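S.K.: My questions will all concern the structure given below.
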Amino acid sequence: MAWMKSKSLTLSLRDRAVRTEISVLTVLLVFVTAVAVAPLSRLLFEGIAPSGVFDWGRIQRIFNQASVWRAAVNTLIMATGSAALATLIGALLAAAVAVTDIRTKASLVFCVILPLMIPPQVATLAWINLFGSSSTLLSMLGLAAEAGTRHPLYSLEGIIIVLGLHNAPLVFLAVRASLRALPSDLVEAARSEGASPLRAFLSIVLPLARSGLISGAALAFVSAAGNFAVPAMLGIPGRVPTLITLIYQRLSDYGQEAFADVALLSLSLGAIAVSGLLFQSWLLRRRDIRITSLTATPLRFSLGPWRRPTEIACWVFALGVLVLPLLALLSTALVSGYGQALTTETATLKNFTNALFHHTMIRGAFMTSAWLAAATAVILTIVGIPLAYFIVWRPNSLVRVASAVLEVGYALPGTLVALAAILLLIKPIPIIQVSLYGTPWIILLAYLTNRSVLSLRPIVSGFMQLDRSLEEAARVVGAGFFRRLRDIIIPLVAPAAGAGAILVFLTVLTEIQVSVLLVTSSTRTIGASVYFLEESGATTLAAAVGVLIVVAVFCLMLFVSSFKDRLPKGILPWAE
Amino acid sequence: MADLSIAHVRKRFGEFEALKDVSLHVADGEFVAVLGPSGCGKTTLLRTIAGFEAIDSGTITIGSHPVSSAKVHVAPEHRNIGIVFQSYALWPHMSVAENVGYGLKVARVPDAERTRRVRDALALVGLTGLETRPPAMLSGGQRQRVALARCLVTSPTLVLLDEPLANLDVHLRASMEDEFADFHKRTGTTMFYITHDQAEAMALADRIVVMDHGVVMQIATPEELFRRPATEMVAQFIGQGLIVPANVRSVGGGRCMVQVLGADIAARCSSEQRTGDGFRLCVRPRELQFSACGDGFACRVTRVIYQGGYYRVEVMPEADPNLRFVIHRADDQPIENGDLVNVVITDGWIIPHSVTATSSAIEYAAA
């Protein structure tokens, strides 16, 4: 093995302290192999050489199908278009919040980030309900389209708009982070050289915020390429095929027979996602701009007379994107039949009581999602702290590979990760002869593959902000690895780790991408249930579940925000 | 308490050779400072002694225990040393007393004894009464003292200090220097002190190790280092030594007659010094004087800087336009750029190991 060649490690095998570390590292690497290396390489194998040999003709045959071509092209257009829209919106809002003197920033940030925390299937359902001919909200205002007209969002443009709005907060976060790191003296220096505020913004702030813009745009692209809910709920009825809906439909139509073809389609979808990330690192590779300034004074541009109009514009947008669709969703959830107008006579809480108390499937799905989300968050935090320790402070080639594989597991669309888990676990596990297929455990495995980076990243950045000598000081006074972990490292990275765990819990609780392929009639997740209810025509019930999900997410966010003062700055994405 | 022996230690990071055959010995109870410009390998040396870095060859022995060699590597937690870090590395989530007492807790020292020892250590550094404070509520000097108390409470055999004063402001530095010196006297701990500040090293250390590019240049007492630098690098790094080509005409009893820029002067040299051309003479600013009666050599004034009470005058010898001398001049004797003056060298030191210097001196003469 590569690290055995490293002299310092081989010789120090004799030392008790180093032996402990090597054992911990081994356990971590076994974990990464089980949750990421094994399923992903299984998928790669199935896609490229299903029968054990590489067959170029088969690959050509699959890609020569017109439907596959159309789906691939649509996927590219959808991802690029929505990333452009998300970047425009996200960057403008981030600039307004990060470097101007507008007021009510805290609540504005909360409203801008909230769409990110609302699961895409619920958001899409809300948009469908807002603009459809059966829109309860619009029919109350007399604005609903004529019955029988095609839904305006059931189109490629509709997909792009909904995805772009959904992913705008991703760009917002990335750009805001890079703008926040800008110290005011850089701009003051430009102003003293005679640059106007606008000039200083364009020539100093914008180039330095470039990395945030690029990584935000890449995130939006990757997230759009792998999104399931939006193209499924808008594209399937609108007859706009994309790779992800093609994969889903072929799997549900043909089952196991379609595995090899679907695996190949997944790989091409994965290639699109990864190419977005490669393009990003190519763009960022050129220059390493480190900000060397020591002042901590944040940057502020005074908008003067433009402050009030800017504030109004931001709020109109934030509320339009957030409140209008949610009102549409709520109004649909309050009527008994889809398409009814909401009046004092038609208003009913029946959908909510059904969802909460009478529908055993929904209750079961909620319980399953809750424990899966909790288990994922706990496992990833326990593994993430020692793993981040090695990534940041004891890097070696194996650790680097492990973290790269986990990055891949995160970058790849959840649906693809789910397929990898199916391929790995469809046959009974050797020796114990138990098949996990159709149980919640396969969903847990896919969550671990797909979400580990979400918990790992904050922990890694927590470690990077720590002075390494804090740990070295503990070593010197005689504390061994586990002792240091317990007394020094965990208390110091706990806020970052906690934030990572919360992000994992919140996103897993309501997700659909991963579980939509893995759920069965007996094992459902709450995120997938919304989609299945809508698909089966129970729109009002789906809307009620969606409203409940939004309320639950909102309450969790508020609950976590109440600890804001105890968390380090910048850990909660939605806090200003 | 223990001594520290470092023998032929080598350490590389990839292509970069950080330590090249480093050997030195620190006696029990001695205060040794390692001095050198940044990147000279002094921090790497400290980290190999602490055990944070393994070495490629050579041996490091603390007391009678070999702790590092190509085959042995004792982990830092088993070396029984203390370190004061440049950043102090106080654990922010623990109070002052918890910081100081952590090592004792790890060593399972009973509560009562631990409390007593923490109290004593804090009293020793003058921090009694601050036990429950978090480190964030301490001043820079107080943090420094907590770090010192923390590293001493476990009675380490050896204390390593990594530029501990670098983060303090100037007036605090001077008083902490005094405290370190007192502290060393009181406890008699073996101390190994890394710094890039020669005044600090001179004020504190029994002996100073000068390092450059991963090589030990000289190990000597501060006086010896200043008066008798072993290499050109030491001569220039310590006390602003100026290097002048010199031909040694006669030697005897540690003194010699040398010819410098056409003038004959008396200088100091080692007892093994032989006569010959192409040697290097180290001259300090205070060993240069303006001459009123026309002896010495002619120089042109190239720069005059007023420094409060005296001028710092930079001159260029007419005989060699590549050289620059710095001479101090009282401020009641004004001088201007371009003035022609005569300068005499009143004393100097012939750098003993001038093998490489000889060849460069020849090139120099040819140019």
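Chains: A, B, ... in order of the structure tokens. Residues: from 1 per chain. Ligands: from 1, in order shown.
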How would you write, as a PyMOL selection string, the set of residues in stretch 72-304 of chain B that DSSP gives as strand (DSSP E or B)?
M.R.: chain B and resi 73+81-84+158-162+191-195+207-212+215-220+242-252+255-260+263-268+276-283+288-291+297-304
S.K.: Write out as a PyMOL selection string all residues of stretch 210-391 of chain A that DSSP puts in alpha helix (DSSP H) for this structure's backbone.
M.R.: chain A and resi 210-225+229-230+236-238+243-254+259-285+307-333+350-353+360-391
S.K.: Using only C-alpha atoms, can you tell me which of A:Val162, A:Ile526, A:Ala258, A:Leu278 comes closest to A:Gly364?
M.R.: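 Ranking A:Val162, A:Ile526, A:Ala258, A:Leu278 by distance to A:Gly364, first place goes to A:Ile526.
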S.K.: Determine which residues of chain B sit within 10 Å of chain A, taking into account only C-alpha atoms, and present them as a ChimeraX atom specification.
M.R.: /B:50-56,69-94,99,101-107,147,150-154,156
S.K.: Generate the output file for the selected residues, C-alpha atoms, as a PDB file, in the first residue's frame.
M.R.:
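The new file again-v9.pdb reads:
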```
ATOM      1  CA  ALA B  50       9.277  17.690  19.995  1.00  0.00           C
ATOM      2  CA  GLY B  51       8.527  14.634  17.853  1.00  0.00           C
ATOM      3  CA  PHE B  52       6.058  16.318  15.488  1.00  0.00           C
ATOM      4  CA  GLU B  53       8.381  15.474  12.608  1.00  0.00           C
ATOM      5  CA  ALA B  54      10.288  12.225  12.132  1.00  0.00           C
ATOM      6  CA  ILE B  55      13.919  12.538  11.071  1.00  0.00           C
ATOM      7  CA  ASP B  56      15.594  10.852   8.090  1.00  0.00           C
ATOM      8  CA  SER B  69      16.478   8.245  14.769  1.00  0.00           C
ATOM      9  CA  ALA B  70      15.898   6.587  11.429  1.00  0.00           C
ATOM     10  CA  LYS B  71      14.487   3.585  13.347  1.00  0.00           C
ATOM     11  CA  VAL B  72      13.004   5.020  16.522  1.00  0.00           C
ATOM     12  CA  HIS B  73      10.318   7.632  16.820  1.00  0.00           C
ATOM     13  CA  VAL B  74       8.862   8.297  20.243  1.00  0.00           C
ATOM     14  CA  ALA B  75       5.517  10.100  19.915  1.00  0.00           C
ATOM     15  CA  PRO B  76       5.406  13.673  21.276  1.00  0.00           C
ATOM     16  CA  GLU B  77       3.043  12.585  24.052  1.00  0.00           C
ATOM     17  CA  HIS B  78       5.668  10.206  25.416  1.00  0.00           C
ATOM     18  CA  ARG B  79       8.678  12.531  25.394  1.00  0.00           C
ATOM     19  CA  ASN B  80       7.959  14.423  28.615  1.00  0.00           C
ATOM     20  CA  ILE B  81       8.847  17.796  27.202  1.00  0.00           C
ATOM     21  CA  GLY B  82       7.134  21.151  27.499  1.00  0.00           C
ATOM     22  CA  ILE B  83       6.521  23.583  24.663  1.00  0.00           C
ATOM     23  CA  VAL B  84       5.585  27.232  24.669  1.00  0.00           C
ATOM     24  CA  PHE B  85       4.065  27.872  21.252  1.00  0.00           C
ATOM     25  CA  GLN B  86       4.347  31.081  19.320  1.00  0.00           C
ATOM     26  CA  SER B  87       0.548  31.351  19.329  1.00  0.00           C
ATOM     27  CA  TYR B  88       0.503  30.189  23.003  1.00  0.00           C
ATOM     28  CA  ALA B  89      -2.042  27.511  21.964  1.00  0.00           C
ATOM     29  CA  LEU B  90      -4.254  28.036  24.994  1.00  0.00           C
ATOM     30  CA  TRP B  91      -7.411  25.936  24.771  1.00  0.00           C
ATOM     31  CA  PRO B  92     -10.205  28.490  24.410  1.00  0.00           C
ATOM     32  CA  HIS B  93     -12.856  26.221  25.934  1.00  0.00           C
ATOM     33  CA  MET B  94     -10.954  25.770  29.207  1.00  0.00           C
ATOM     34  CA  ASN B  99      -5.427  24.822  30.808  1.00  0.00           C
ATOM     35  CA  GLY B 101      -3.920  21.451  34.959  1.00  0.00           C
ATOM     36  CA  TYR B 102      -4.743  19.482  31.799  1.00  0.00           C
ATOM     37  CA  GLY B 103      -1.425  17.659  31.596  1.00  0.00           C
ATOM     38  CA  LEU B 104      -1.763  16.585  35.233  1.00  0.00           C
ATOM     39  CA  LYS B 105      -5.297  15.373  34.586  1.00  0.00           C
ATOM     40  CA  VAL B 106      -4.068  13.299  31.655  1.00  0.00           C
ATOM     41  CA  ALA B 107      -1.348  11.890  33.901  1.00  0.00           C
ATOM     42  CA  ALA B 147       1.407  29.014  28.458  1.00  0.00           C
ATOM     43  CA  ARG B 150       1.086  25.035  31.586  1.00  0.00           C
ATOM     44  CA  CYS B 151       4.319  23.770  30.151  1.00  0.00           C
ATOM     45  CA  LEU B 152       6.118  23.722  33.510  1.00  0.00           C
ATOM     46  CA  VAL B 153       3.443  22.205  35.738  1.00  0.00           C
ATOM     47  CA  THR B 154       4.202  18.688  34.508  1.00  0.00           C
ATOM     48  CA  PRO B 156       9.170  18.383  31.819  1.00  0.00           C
TER      49      PRO B 156
END
```
S.K.: Find the spatial neighbours of stretch 501-510 of chain A, counting only C-alpha atoms, within a cut-off of 10 Å - ignore same-chain residues fewer than 3 positions away - and output them as a PyMOL selection string.
M.R.: chain A and resi 116-122+366-382+384+444+447-448+450-456+458-459+495-498+513-515+525-530+546+549-550+552-553+556-557+560+572-573
S.K.: When you look at B:Ser38 with a cut-off of 9 Å (counting only C-alpha atoms), what residues show up, excluding the ones that are within fewer than 4 positions of it in the same chain? I need them as a PyMOL selection string.
M.R.: chain B and resi 42-43+196+212
S.K.: Report, in Å with one decimal, the straight-line distance from atom CA of B:Arg116 to atom CA of A:Ile490.
M.R.: 28.3 Å
